[in-house]
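Asks: Structure: protein-v9.txt, compact mmCIF, C-alpha atoms.
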# COMPACT_ATOMS: atom_id res chain seq x y z
CA MET A 1022 0.00 0.00 0.00
CA LYS A 1023 2.79 2.38 0.95
CA LYS A 1024 4.63 1.50 -2.22
CA LEU A 1025 1.54 2.23 -4.29
CA LEU A 1026 1.16 5.63 -2.63
CA ILE A 1027 4.77 6.50 -3.40
CA ILE A 1028 4.32 5.52 -7.03
CA LEU A 1029 1.17 7.65 -7.21
CA PHE A 1030 2.96 10.56 -5.61
CA VAL A 1031 5.91 10.40 -7.99
CA GLY A 1032 3.51 10.10 -10.93
CA LEU A 1033 1.71 13.22 -9.79
CA LEU A 1034 5.00 15.13 -9.49
CA VAL A 1035 5.99 14.20 -13.03
CA ALA A 1036 2.58 15.21 -14.35
CA THR A 1037 2.76 18.58 -12.59
CA ALA A 1038 6.26 19.28 -13.88
CA SER A 1039 5.33 18.54 -17.48
CA ALA A 1040 2.19 20.67 -17.23
CA GLU A 1041 4.28 23.66 -16.22
CA THR A 1042 4.79 26.17 -19.02
CA LYS A 1043 8.08 25.92 -20.82
CA ARG A 1044 10.03 29.16 -20.58
CA TYR A 1045 12.90 30.16 -22.79
CA ASN A 1046 15.67 32.39 -21.62
CA VAL A 1047 15.96 35.14 -24.23
CA SER A 1048 18.15 38.10 -23.33
CA LEU A 1049 16.86 41.59 -24.15
CA GLU A 1050 20.32 43.05 -23.91
CA GLY A 1051 21.53 45.04 -26.88
CA SER A 1052 18.12 45.08 -28.59
CA PRO A 1053 15.93 48.13 -29.21
CA SER A 1054 13.23 48.20 -26.55
CA VAL A 1055 10.38 50.31 -25.27
CA GLY A 1056 8.76 50.33 -21.83
CA PRO A 1057 10.02 50.36 -18.24
CA GLN A 1058 13.30 48.54 -17.51
CA ASN A 1059 11.73 46.78 -14.51
CA ALA A 1060 8.42 45.90 -16.21
CA PRO A 1061 6.77 42.74 -14.81
CA VAL A 1062 6.16 41.51 -18.35
CA THR A 1063 8.79 41.46 -21.07
CA ILE A 1064 7.97 40.66 -24.67
CA VAL A 1065 10.67 39.77 -27.14
CA GLU A 1066 9.44 39.86 -30.71
CA PHE A 1067 11.41 38.31 -33.57
CA ILE A 1068 10.38 40.08 -36.73
CA ASP A 1069 10.93 40.24 -40.43
CA TYR A 1070 9.75 43.51 -41.95
CA GLN A 1071 9.14 42.03 -45.36
CA MET B 1329 6.30 39.51 -40.85
CA ALA B 1330 5.52 41.27 -37.61
CA ALA B 1331 2.38 41.71 -35.58
CA GLY B 1332 1.78 45.43 -35.89
CA PRO B 1333 -1.71 46.30 -34.62
CA ALA B 1334 -1.94 43.60 -31.92
CA VAL B 1335 1.38 44.59 -30.35
CA GLU B 1336 0.57 48.30 -30.63
CA LYS B 1337 -2.66 47.68 -28.74
CA ILE B 1338 -0.85 45.72 -26.02
CA LEU B 1339 1.54 48.64 -25.57
CA LYS B 1340 -1.35 51.07 -25.49
CA ASP B 1341 -3.28 49.06 -22.88
CA TYR B 1342 -0.39 47.74 -20.75
CA GLY B 1343 2.46 50.07 -21.73
CA ASN B 1344 3.45 50.90 -18.15
CA LYS B 1345 3.79 47.21 -17.26
CA VAL B 1346 5.25 45.80 -20.45
CA ARG B 1347 8.67 46.08 -22.01
CA LEU B 1348 8.91 45.16 -25.68
CA ALA B 1349 12.23 44.34 -27.32
CA ILE B 1350 12.72 43.72 -31.03
CA LYS B 1351 15.00 41.07 -32.50
CA PHE B 1352 15.66 40.81 -36.20
CA TYR B 1353 15.08 37.61 -38.09
CA PRO B 1354 15.19 38.49 -41.80
CA TYR B 1355 14.55 35.55 -44.08
CA LYS B 1356 17.39 34.78 -46.44
CA TYR B 1357 15.23 34.52 -49.52
CA ARG B 1358 13.44 37.83 -49.23
CA ASP B 1359 15.06 40.65 -51.13
CA PHE B 1360 14.49 43.51 -48.71
CA ALA B 1361 14.27 41.77 -45.36
CA ARG B 1362 17.87 42.39 -44.39
CA ILE B 1363 18.16 45.96 -45.65
CA SER B 1364 14.95 46.82 -43.75
CA ALA B 1365 16.49 45.56 -40.54
CA GLU B 1366 19.56 47.69 -41.32
CA ALA B 1367 17.21 50.65 -41.85
CA ALA B 1368 15.58 50.16 -38.45
CA LEU B 1369 18.98 50.03 -36.75
CA ALA B 1370 20.28 53.00 -38.73
CA ALA B 1371 17.27 54.95 -37.45
CA SER B 1372 18.01 53.64 -33.96
CA ASP B 1373 21.53 55.11 -34.22
CA GLN B 1374 19.85 58.47 -34.76
CA GLY B 1375 17.47 57.94 -31.84
CA LYS B 1376 14.40 57.14 -33.94
CA PHE B 1377 14.06 53.37 -33.88
CA TRP B 1378 10.36 53.24 -33.05
CA GLU B 1379 9.39 55.84 -35.62
CA MET B 1380 11.14 53.80 -38.32
CA HIS B 1381 9.91 50.47 -36.93
CA ARG B 1382 6.29 51.60 -37.17
CA LEU B 1383 6.79 53.05 -40.61
CA LEU B 1384 8.37 49.84 -41.92
CA LEU B 1385 5.47 47.78 -40.59
CA LYS B 1386 3.06 50.16 -42.26
CA LYS B 1387 4.86 50.32 -45.61
CA SER B 1388 5.84 46.65 -45.91
CA PRO B 1389 6.46 45.12 -48.44
CA LYS B 1390 7.58 48.35 -50.17
CA LEU B 1391 11.05 48.20 -48.66
CA ASP B 1392 13.53 48.73 -51.49
CA ARG B 1393 16.56 50.94 -50.85
CA ALA B 1394 15.10 54.07 -52.45
CA SER B 1395 11.86 53.74 -50.47
CA LEU B 1396 13.78 53.24 -47.21
CA ILE B 1397 15.76 56.43 -47.84
CA GLY B 1398 12.45 58.19 -48.46
CA TYR B 1399 11.10 56.92 -45.12
CA ALA B 1400 14.25 58.15 -43.38
CA LYS B 1401 13.62 61.64 -44.74
CA GLU B 1402 9.96 61.37 -43.77
CA ILE B 1403 10.85 60.94 -40.09
CA GLY B 1404 13.55 63.59 -40.23
CA LEU B 1405 16.72 61.51 -40.19
CA ASP B 1406 20.06 62.68 -41.53
CA ALA B 1407 19.73 61.07 -44.97
CA ASP B 1408 23.46 60.93 -45.73
CA LYS B 1409 24.28 59.16 -42.48
CA PHE B 1410 21.33 56.84 -42.98
CA ARG B 1411 22.39 55.93 -46.53
CA GLU B 1412 25.95 55.28 -45.43
CA SER B 1413 24.74 53.04 -42.62
CA LEU B 1414 22.65 51.01 -45.07
CA ASP B 1415 25.34 50.70 -47.71
CA LYS B 1416 28.09 49.77 -45.28
CA ARG B 1417 25.79 47.39 -43.40
CA LYS B 1418 26.93 49.12 -40.27
CA ASN B 1419 24.72 47.08 -37.93
CA ASP B 1420 25.17 43.74 -39.61
CA LYS B 1421 26.67 42.24 -36.45
CA ILE B 1422 23.49 42.93 -34.46
CA ILE B 1423 21.33 41.34 -37.17
CA GLU B 1424 23.65 38.35 -37.43
CA ARG B 1425 23.60 37.92 -33.65
CA ASP B 1426 19.77 37.95 -33.66
CA VAL B 1427 19.59 35.50 -36.57
CA ASN B 1428 21.92 33.11 -34.77
CA LEU B 1429 19.86 33.44 -31.61
CA ALA B 1430 16.70 32.67 -33.59
CA LEU B 1431 18.33 29.61 -35.14
CA SER B 1432 19.52 28.42 -31.74
CA LEU B 1433 15.90 28.64 -30.56
CA ASP B 1434 14.72 26.65 -33.60
CA LEU B 1435 12.60 29.52 -34.87
CA TYR B 1436 11.28 29.32 -38.39
CA ASN B 1437 8.43 31.78 -38.26
CA THR B 1438 7.98 35.47 -37.79
CA PRO B 1439 6.65 36.96 -35.77
CA THR B 1440 7.61 34.80 -32.82
CA PHE B 1441 7.17 36.19 -29.33
CA PHE B 1442 8.68 35.29 -25.99
CA ILE B 1443 6.43 36.68 -23.28
CA ASN B 1444 8.33 36.28 -20.03
CA GLY B 1445 9.98 33.42 -21.88
CA ARG B 1446 6.74 31.80 -23.05
CA ARG B 1447 6.89 31.17 -26.75
CA VAL B 1448 4.05 32.36 -28.98
CA ILE B 1449 4.39 31.70 -32.69
CA GLY B 1450 2.77 33.68 -35.47
CA ASP B 1451 0.65 36.74 -36.06
CA VAL B 1452 -1.75 35.88 -33.26
CA PRO B 1453 -4.83 37.95 -32.45
CA TYR B 1454 -4.69 40.69 -29.83
CA GLU B 1455 -6.93 38.66 -27.51
CA TYR B 1456 -4.39 35.85 -27.36
CA LEU B 1457 -1.46 38.13 -26.60
CA LYS B 1458 -3.58 39.85 -23.99
CA LYS B 1459 -4.48 36.54 -22.32
CA ILE B 1460 -0.82 35.68 -21.82
CA VAL B 1461 0.16 39.19 -20.71
CA VAL B 1462 -2.66 39.17 -18.13
CA GLU B 1463 -1.62 35.71 -16.89
CA GLU B 1464 1.93 36.94 -16.45
CA LEU B 1465 0.81 40.12 -14.71
CA ASN B 1466 -1.30 38.07 -12.30
CA ALA B 1467 1.58 35.67 -11.65
CA ALA B 1468 3.87 38.64 -10.94
CA LYS B 1469 1.46 39.93 -8.29
CA LYS B 1470 1.63 36.70 -6.28
Represent the supplied structure as C-alpha cells.
Replies:
Amino acid sequence: MKKLLIILFVGLLVATASAETKRYNVSLEGSPSVGPQNAPVTIVEFIDYQ
Amino acid sequence: MAAGPAVEKILKDYGNKVRLAIKFYPYKYRDFARISAEAALAASDQGKFWEMHRLLLKKSPKLDRASLIGYAKEIGLDADKFRESLDKRKNDKIIERDVNLALSLDLYNTPTFFINGRRVIGDVPYEYLKKIVVEELNAAKK
C-alpha cells in the first residue's frame, strides 16, 4: 500500500512538472526596446519587416 | 512579418507594465528583409528606432533601398548618415547575432514572441497576446 502511494505521488509530481509552461531564456540586452526597464512583463518579438 | 496592430494595442493598454524588445530575423530569400532591418537600426543610431519600426510595418512590403531612404527623410533623419549606414551594413553584427539566436531557438516563423519566456508563434490575435500578458501580470502579483 505504501509503495503504491509512493508511485502515485511520484507520478503526480511528473505530471505537474510537465504541465508547467516551458520558458525560454531570451536576453533583451543590446536590442531596441520600449517600456520600463523593470516591467513585470517582457515581450521579445522576432520580426521580419518584409 | 511582424504583428503590428496587436502589439501596438498591447503597448497602449499595458504600456506601463510591459517592455517590448525587437530582434531581427530576416529571411534569407526575401530581397528587402535584411536591408529593412539595417534601416531600423540606422534609425536607432539616430534615436528614432520606433518611428522607423512603425513606418516599416506600415509600408511593408515596399522596402527597397530608395523607399527606405524616403522613409528616413519622412521621419527627419540625416539622410546621408542613414544611406551610409545602409550601404556599409553598419549594424550587420546585431542582425547576425539575432539570426543566430533565432536559429539556436529553432525559430522558423515570424513573428515569434517570448512573453516572459513563453513562446508564442505567429501573427496571433490581440486577444491571445492579452491573455498571456494578463496571466503573467497576475503571476507577478503573487
Asks: Name all residues at most 9 Å from A:Lys1043 (count all atoms listed in the file; drop same-chain ones fewer than 5 positions away) and give them as a short mmCIF file (atom, residue, chain, number, x, y, z; two decimals) with C-alpha atoms, in the frame of the given file.
Replies:
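See selection-v5.cif below for the written result:
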data_model
loop_
_atom_site.label_atom_id
_atom_site.label_comp_id
_atom_site.auth_asym_id
_atom_site.auth_seq_id
_atom_site.Cartn_x
_atom_site.Cartn_y
_atom_site.Cartn_z
CA GLY B 1445 9.98 33.42 -21.88
CA ARG B 1446 6.74 31.80 -23.05
CA ARG B 1447 6.89 31.17 -26.75
#
Asks: Kindly provide, as a compact mmCIF listing (two decimals) with C-alpha atoms, in the coordinates of the input, the residues of chain A having any atom no farther than 12 Å from an atom of chain B, counting only C-alpha atoms.
Replies:
# COMPACT_ATOMS: atom_id res chain seq x y z
CA GLU A 1041 4.28 23.66 -16.22
CA THR A 1042 4.79 26.17 -19.02
CA LYS A 1043 8.08 25.92 -20.82
CA ARG A 1044 10.03 29.16 -20.58
CA TYR A 1045 12.90 30.16 -22.79
CA ASN A 1046 15.67 32.39 -21.62
CA VAL A 1047 15.96 35.14 -24.23
CA SER A 1048 18.15 38.10 -23.33
CA LEU A 1049 16.86 41.59 -24.15
CA GLU A 1050 20.32 43.05 -23.91
CA GLY A 1051 21.53 45.04 -26.88
CA SER A 1052 18.12 45.08 -28.59
CA PRO A 1053 15.93 48.13 -29.21
CA SER A 1054 13.23 48.20 -26.55
CA VAL A 1055 10.38 50.31 -25.27
CA GLY A 1056 8.76 50.33 -21.83
CA PRO A 1057 10.02 50.36 -18.24
CA GLN A 1058 13.30 48.54 -17.51
CA ASN A 1059 11.73 46.78 -14.51
CA ALA A 1060 8.42 45.90 -16.21
CA PRO A 1061 6.77 42.74 -14.81
CA VAL A 1062 6.16 41.51 -18.35
CA THR A 1063 8.79 41.46 -21.07
CA ILE A 1064 7.97 40.66 -24.67
CA VAL A 1065 10.67 39.77 -27.14
CA GLU A 1066 9.44 39.86 -30.71
CA PHE A 1067 11.41 38.31 -33.57
CA ILE A 1068 10.38 40.08 -36.73
CA ASP A 1069 10.93 40.24 -40.43
CA TYR A 1070 9.75 43.51 -41.95
CA GLN A 1071 9.14 42.03 -45.36
Asks: Could you work out how far atom CA of B:Lys1401 lies from atom CA of B:Gly1375, giving the answer in Å with one decimal?
Replies: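 If I compute the distance from atom CA of B:Gly1375 to atom CA of B:Lys1401, I get 14.0 Å.
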Asks: Have a look at B:Pro1333, B:Ser1432, B:Leu1396, B:Arg1425 and name the one nearest to B:Ser1413; count all atoms listed in the file.
Replies: B:Leu1396
Asks: Any idea what the distance is between atom CA of B:Asn1419 and atom CA of B:Glu1366?
Replies: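 Value for the atom CA of B:Asn1419-atom CA of B:Glu1366 distance: 6.2 Å.
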Asks: When you draw a straight line from atom CA of B:Asp1406 to atom CA of B:Lys1376, how long is it in Å?
Replies: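 Rounded to one decimal, the two atoms are 11.0 Å apart.
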Asks: Tell me which of B:Ile1397, B:Ile1338, B:Tyr1456, B:Asn1428 sits closest to B:Glu1412, counting only C-alpha atoms.
Replies: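 Residue with the minimum atom-to-atom distance to B:Glu1412: B:Ile1397.
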Asks: With 5 Å added on each side, what axis-aligned box encloses every listed atom of stretch 1431-1437 of chain B? Give the centre and edge lengths in Å to one decimal, as AutoDock Vina command-line options.
Replies:
--center_x 14.0 --center_y 29.2 --center_z -34.5 --size_x 21.1 --size_y 15.1 --size_z 17.8
